[in-house]
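Notes to accompany the following structure.
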Amino acid sequence: MGALYTRDSQGRMLRELPAADAAVLMRYHYAYSSAVEGVVTASVHGHGRALLLDVHAYPRHPPPSELHPEQRRPELCIGTAGVNTSPELLDAVRQEFAWLERGIDEPLSGSYVPQAYLGDRRVQSVMLEIRRDVYCDEATLELDRPVFDRLVASAAAVARGCHEGDE
């Protein structure tokens, strides 16, 4: 859908995208990307590696804007990023989230890696796209606290396992 949305989740026009929006990209998108790259660089310099857990939520039913609405919608969609998602990281995610139905790069794919680190195996990234109905009532957004806490614990276990031996 791009960095600056022009349509809402129902496909309705939000706004036209004038050339002047380059300032918006600079202020928000590029600033965010630069900040993440700085944190990753600090981790690589300090620890020799970095781990990005790219966490999102997605609805049980695909919105009109979804590119592949026919694909299955597992409770956890695990997004990968080529060599930036090692088999060991993928195995750790599968193990820690074994209590959920999982899918790889379906219906969404990829994971965030700063441009400067694409293909650099020292920087590992995986997207955890959690289907909303797993941890909340989608109509009211009322949180199922025990399930939410278990999701957080599973993500923390992935991070701990990938950084064992770090100080």
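Just so we're on the same page: first chain in the structure tokens is A, next is B, and so on; residues restart at 1 for each chain, and ligands are numbered from 1 in the order they show up.
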Shell around Arg131 of chain A at 9 Å using only C-alpha atoms, local window under 5 positions removed, as an NGL selection string:
:A and (56-60 or 73-77)
Could the residues in this selection be written to a file with N, CA and C atoms, as a compact mmCIF listing (two decimals), in the first residue's frame?
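out.txt written:
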# COMPACT_ATOMS: atom_id res chain seq x y z
N HIS A 56 2.92 -7.15 14.01
CA HIS A 56 1.70 -6.51 13.51
C HIS A 56 0.50 -7.39 13.84
N ALA A 57 -0.68 -6.85 13.56
CA ALA A 57 -1.91 -7.62 13.68
C ALA A 57 -2.68 -7.49 12.38
N TYR A 58 -3.45 -8.51 12.07
CA TYR A 58 -4.27 -8.43 10.86
C TYR A 58 -5.64 -9.03 11.15
N PRO A 59 -6.66 -8.60 10.40
CA PRO A 59 -8.03 -9.06 10.66
C PRO A 59 -8.27 -10.49 10.21
N ARG A 60 -9.25 -11.10 10.83
CA ARG A 60 -9.63 -12.48 10.49
C ARG A 60 -10.10 -12.57 9.03
N ARG A 73 -5.61 -17.63 6.25
CA ARG A 73 -5.30 -16.61 7.25
C ARG A 73 -5.01 -17.30 8.59
N PRO A 74 -3.79 -17.84 8.75
CA PRO A 74 -3.48 -18.56 9.98
C PRO A 74 -3.45 -17.61 11.18
N GLU A 75 -3.50 -18.19 12.36
CA GLU A 75 -3.47 -17.37 13.58
C GLU A 75 -2.19 -16.55 13.67
N LEU A 76 -1.09 -17.10 13.16
CA LEU A 76 0.18 -16.37 13.11
C LEU A 76 0.76 -16.52 11.72
N CYS A 77 0.92 -15.40 11.05
CA CYS A 77 1.60 -15.36 9.76
C CYS A 77 3.04 -14.96 10.06
How close does each residue of segment 96-156 of chain A get to segment 48-52 of chain A, giving the shortest atom pair and distance in Å to one decimal for every residue with an atom at most 12 Å away, counting only C-alpha atoms, sorted by chain and residue number, as JSON lines?
{"residue": "A:Ser111", "atom": "CA", "partner": "A:Leu52", "partner_atom": "CA", "distance": 8.5}
{"residue": "A:Tyr112", "atom": "CA", "partner": "A:Leu52", "partner_atom": "CA", "distance": 7.5}
{"residue": "A:Val113", "atom": "CA", "partner": "A:Leu52", "partner_atom": "CA", "distance": 7.6}
{"residue": "A:Pro114", "atom": "CA", "partner": "A:Leu52", "partner_atom": "CA", "distance": 9.8}
{"residue": "A:Tyr117", "atom": "CA", "partner": "A:Ala50", "partner_atom": "CA", "distance": 10.1}
{"residue": "A:Asp120", "atom": "CA", "partner": "A:Arg49", "partner_atom": "CA", "distance": 9.6}
{"residue": "A:Arg121", "atom": "CA", "partner": "A:Arg49", "partner_atom": "CA", "distance": 8.3}
{"residue": "A:Arg122", "atom": "CA", "partner": "A:Arg49", "partner_atom": "CA", "distance": 4.5}
{"residue": "A:Val123", "atom": "CA", "partner": "A:Ala50", "partner_atom": "CA", "distance": 4.8}
{"residue": "A:Gln124", "atom": "CA", "partner": "A:Leu51", "partner_atom": "CA", "distance": 4.9}
{"residue": "A:Ser125", "atom": "CA", "partner": "A:Leu52", "partner_atom": "CA", "distance": 4.5}
{"residue": "A:Val126", "atom": "CA", "partner": "A:Leu52", "partner_atom": "CA", "distance": 6.5}
{"residue": "A:Met127", "atom": "CA", "partner": "A:Leu52", "partner_atom": "CA", "distance": 8.3}
{"residue": "A:Leu128", "atom": "CA", "partner": "A:Leu52", "partner_atom": "CA", "distance": 10.4}
{"residue": "A:Ala155", "atom": "CA", "partner": "A:Leu52", "partner_atom": "CA", "distance": 11.0}
{"residue": "A:Ala156", "atom": "CA", "partner": "A:Leu51", "partner_atom": "CA", "distance": 11.7}
Can you list, as number ranges by chain, all residues belonging to segment 1-154 of chain A that DSSP tags as alpha helix (DSSP H)?
A: 22-24, 31-47, 87-96, 145-154
Excluding Leu141 of chain A and residues on its chain fewer than 5 positions from it, collect all residues at most 9 Å away from it, counting only C-alpha atoms, and give them as a ChimeraX atom specification.
/A:132-133,136
What does the distance between atom CA of Asp137 of chain A and atom CA of Val93 of chain A come to in Å, to one decimal place?
24.5 Å
I'd like to know which of A:Cys162, A:Ala116, A:Leu108, A:Ile78 is closest to Thr41 of chain A, using only C-alpha atoms.
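Of A:Cys162, A:Ala116, A:Leu108, A:Ile78, the one nearest Thr41 of chain A is A:Ala116, counting only C-alpha atoms.
Note that atom CA of Pro69 of chain A and atom CA of Val152 of chain A are 27.5 Å apart.
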Point-to-point distance from atom CA of Glu96 of chain A to atom CA of Ser33 of chain A, Å rounded to tenths:
28.3 Å
Taking the DSSP secondary structure from the backbone, can you list the residues of chain A that are strand (DSSP E), as a ChimeraX atom specification?
/A:50-58,76-79,102-104,123-131
Next, the residues of the selection above should be written as an mmCIF file, in the first residue's frame with N, CA, C and O atoms.
data_model
loop_
_atom_site.group_PDB
_atom_site.id
_atom_site.type_symbol
_atom_site.label_atom_id
_atom_site.label_comp_id
_atom_site.auth_asym_id
_atom_site.auth_seq_id
_atom_site.Cartn_x
_atom_site.Cartn_y
_atom_site.Cartn_z
ATOM 1 N N ALA A 50 22.068 -8.155 15.259
ATOM 2 C CA ALA A 50 20.827 -7.484 15.663
ATOM 3 C C ALA A 50 19.656 -8.372 15.284
ATOM 4 O O ALA A 50 19.726 -9.136 14.318
ATOM 5 N N LEU A 51 18.596 -8.278 16.070
ATOM 6 C CA LEU A 51 17.365 -9.017 15.799
ATOM 7 C C LEU A 51 16.210 -8.031 15.763
ATOM 8 O O LEU A 51 16.029 -7.241 16.691
ATOM 9 N N LEU A 52 15.440 -8.090 14.684
ATOM 10 C CA LEU A 52 14.234 -7.278 14.549
ATOM 11 C C LEU A 52 13.023 -8.193 14.577
ATOM 12 O O LEU A 52 12.903 -9.107 13.756
ATOM 13 N N LEU A 53 12.137 -7.971 15.539
ATOM 14 C CA LEU A 53 10.845 -8.646 15.559
ATOM 15 C C LEU A 53 9.840 -7.617 15.065
ATOM 16 O O LEU A 53 9.541 -6.641 15.756
ATOM 17 N N ASP A 54 9.354 -7.809 13.883
ATOM 18 C CA ASP A 54 8.459 -6.895 13.176
ATOM 19 C C ASP A 54 7.031 -7.363 13.459
ATOM 20 O O ASP A 54 6.539 -8.271 12.803
ATOM 21 N N VAL A 55 6.384 -6.789 14.480
ATOM 22 C CA VAL A 55 5.111 -7.311 14.984
ATOM 23 C C VAL A 55 3.928 -6.461 14.509
ATOM 24 O O VAL A 55 3.951 -5.235 14.629
ATOM 25 N N HIS A 56 2.923 -7.150 14.005
ATOM 26 C CA HIS A 56 1.704 -6.508 13.510
ATOM 27 C C HIS A 56 0.503 -7.385 13.844
ATOM 28 O O HIS A 56 0.658 -8.520 14.277
ATOM 29 N N ALA A 57 -0.677 -6.854 13.562
ATOM 30 C CA ALA A 57 -1.912 -7.621 13.685
ATOM 31 C C ALA A 57 -2.676 -7.486 12.379
ATOM 32 O O ALA A 57 -2.548 -6.489 11.677
ATOM 33 N N TYR A 58 -3.453 -8.512 12.069
ATOM 34 C CA TYR A 58 -4.274 -8.433 10.865
ATOM 35 C C TYR A 58 -5.643 -9.034 11.145
ATOM 36 O O TYR A 58 -5.798 -9.834 12.062
ATOM 37 N N LEU A 76 -1.095 -17.101 13.156
ATOM 38 C CA LEU A 76 0.178 -16.374 13.109
ATOM 39 C C LEU A 76 0.764 -16.518 11.719
ATOM 40 O O LEU A 76 1.052 -17.630 11.259
ATOM 41 N N CYS A 77 0.918 -15.399 11.047
ATOM 42 C CA CYS A 77 1.602 -15.362 9.762
ATOM 43 C C CYS A 77 3.042 -14.961 10.064
ATOM 44 O O CYS A 77 3.290 -13.904 10.644
ATOM 45 N N ILE A 78 3.987 -15.818 9.697
ATOM 46 C CA ILE A 78 5.405 -15.554 9.929
ATOM 47 C C ILE A 78 5.993 -15.043 8.624
ATOM 48 O O ILE A 78 6.065 -15.770 7.634
ATOM 49 N N GLY A 79 6.396 -13.772 8.623
ATOM 50 C CA GLY A 79 6.972 -13.168 7.424
ATOM 51 C C GLY A 79 8.486 -13.283 7.441
ATOM 52 O O GLY A 79 9.117 -13.062 8.470
ATOM 53 N N ARG A 102 0.166 -21.770 12.356
ATOM 54 C CA ARG A 102 1.163 -20.889 11.762
ATOM 55 C C ARG A 102 1.210 -21.061 10.248
ATOM 56 O O ARG A 102 0.923 -22.131 9.726
ATOM 57 N N GLY A 103 1.603 -19.988 9.587
ATOM 58 C CA GLY A 103 1.832 -20.025 8.148
ATOM 59 C C GLY A 103 3.044 -19.174 7.831
ATOM 60 O O GLY A 103 3.337 -18.217 8.551
ATOM 61 N N ILE A 104 3.753 -19.512 6.781
ATOM 62 C CA ILE A 104 4.944 -18.766 6.375
ATOM 63 C C ILE A 104 4.595 -17.905 5.156
ATOM 64 O O ILE A 104 4.161 -18.419 4.129
ATOM 65 N N VAL A 123 22.182 -9.249 10.699
ATOM 66 C CA VAL A 123 20.895 -8.636 11.030
ATOM 67 C C VAL A 123 19.795 -9.610 10.640
ATOM 68 O O VAL A 123 19.597 -9.918 9.467
ATOM 69 N N GLN A 124 19.100 -10.118 11.651
ATOM 70 C CA GLN A 124 18.028 -11.080 11.454
ATOM 71 C C GLN A 124 16.685 -10.397 11.718
ATOM 72 O O GLN A 124 16.574 -9.562 12.621
ATOM 73 N N SER A 125 15.702 -10.748 10.922
ATOM 74 C CA SER A 125 14.392 -10.129 11.035
ATOM 75 C C SER A 125 13.306 -11.151 10.717
ATOM 76 O O SER A 125 13.464 -11.984 9.819
ATOM 77 N N VAL A 126 12.230 -11.068 11.471
ATOM 78 C CA VAL A 126 11.068 -11.905 11.203
ATOM 79 C C VAL A 126 9.825 -11.094 11.541
ATOM 80 O O VAL A 126 9.821 -10.321 12.500
ATOM 81 N N MET A 127 8.803 -11.216 10.702
ATOM 82 C CA MET A 127 7.537 -10.541 10.964
ATOM 83 C C MET A 127 6.609 -11.518 11.683
ATOM 84 O O MET A 127 6.474 -12.670 11.269
ATOM 85 N N LEU A 128 6.002 -11.043 12.746
ATOM 86 C CA LEU A 128 4.980 -11.801 13.469
ATOM 87 C C LEU A 128 3.663 -11.069 13.246
ATOM 88 O O LEU A 128 3.410 -10.027 13.842
ATOM 89 N N GLU A 129 2.874 -11.573 12.327
ATOM 90 C CA GLU A 129 1.588 -10.962 11.973
ATOM 91 C C GLU A 129 0.520 -11.809 12.657
ATOM 92 O O GLU A 129 0.234 -12.928 12.232
ATOM 93 N N ILE A 130 -0.036 -11.294 13.755
ATOM 94 C CA ILE A 130 -0.960 -12.061 14.591
ATOM 95 C C ILE A 130 -2.401 -11.714 14.212
ATOM 96 O O ILE A 130 -2.765 -10.533 14.166
ATOM 97 N N ARG A 131 -3.183 -12.739 13.943
ATOM 98 C CA ARG A 131 -4.585 -12.503 13.597
ATOM 99 C C ARG A 131 -5.307 -11.964 14.822
ATOM 100 O O ARG A 131 -5.218 -12.526 15.917
#
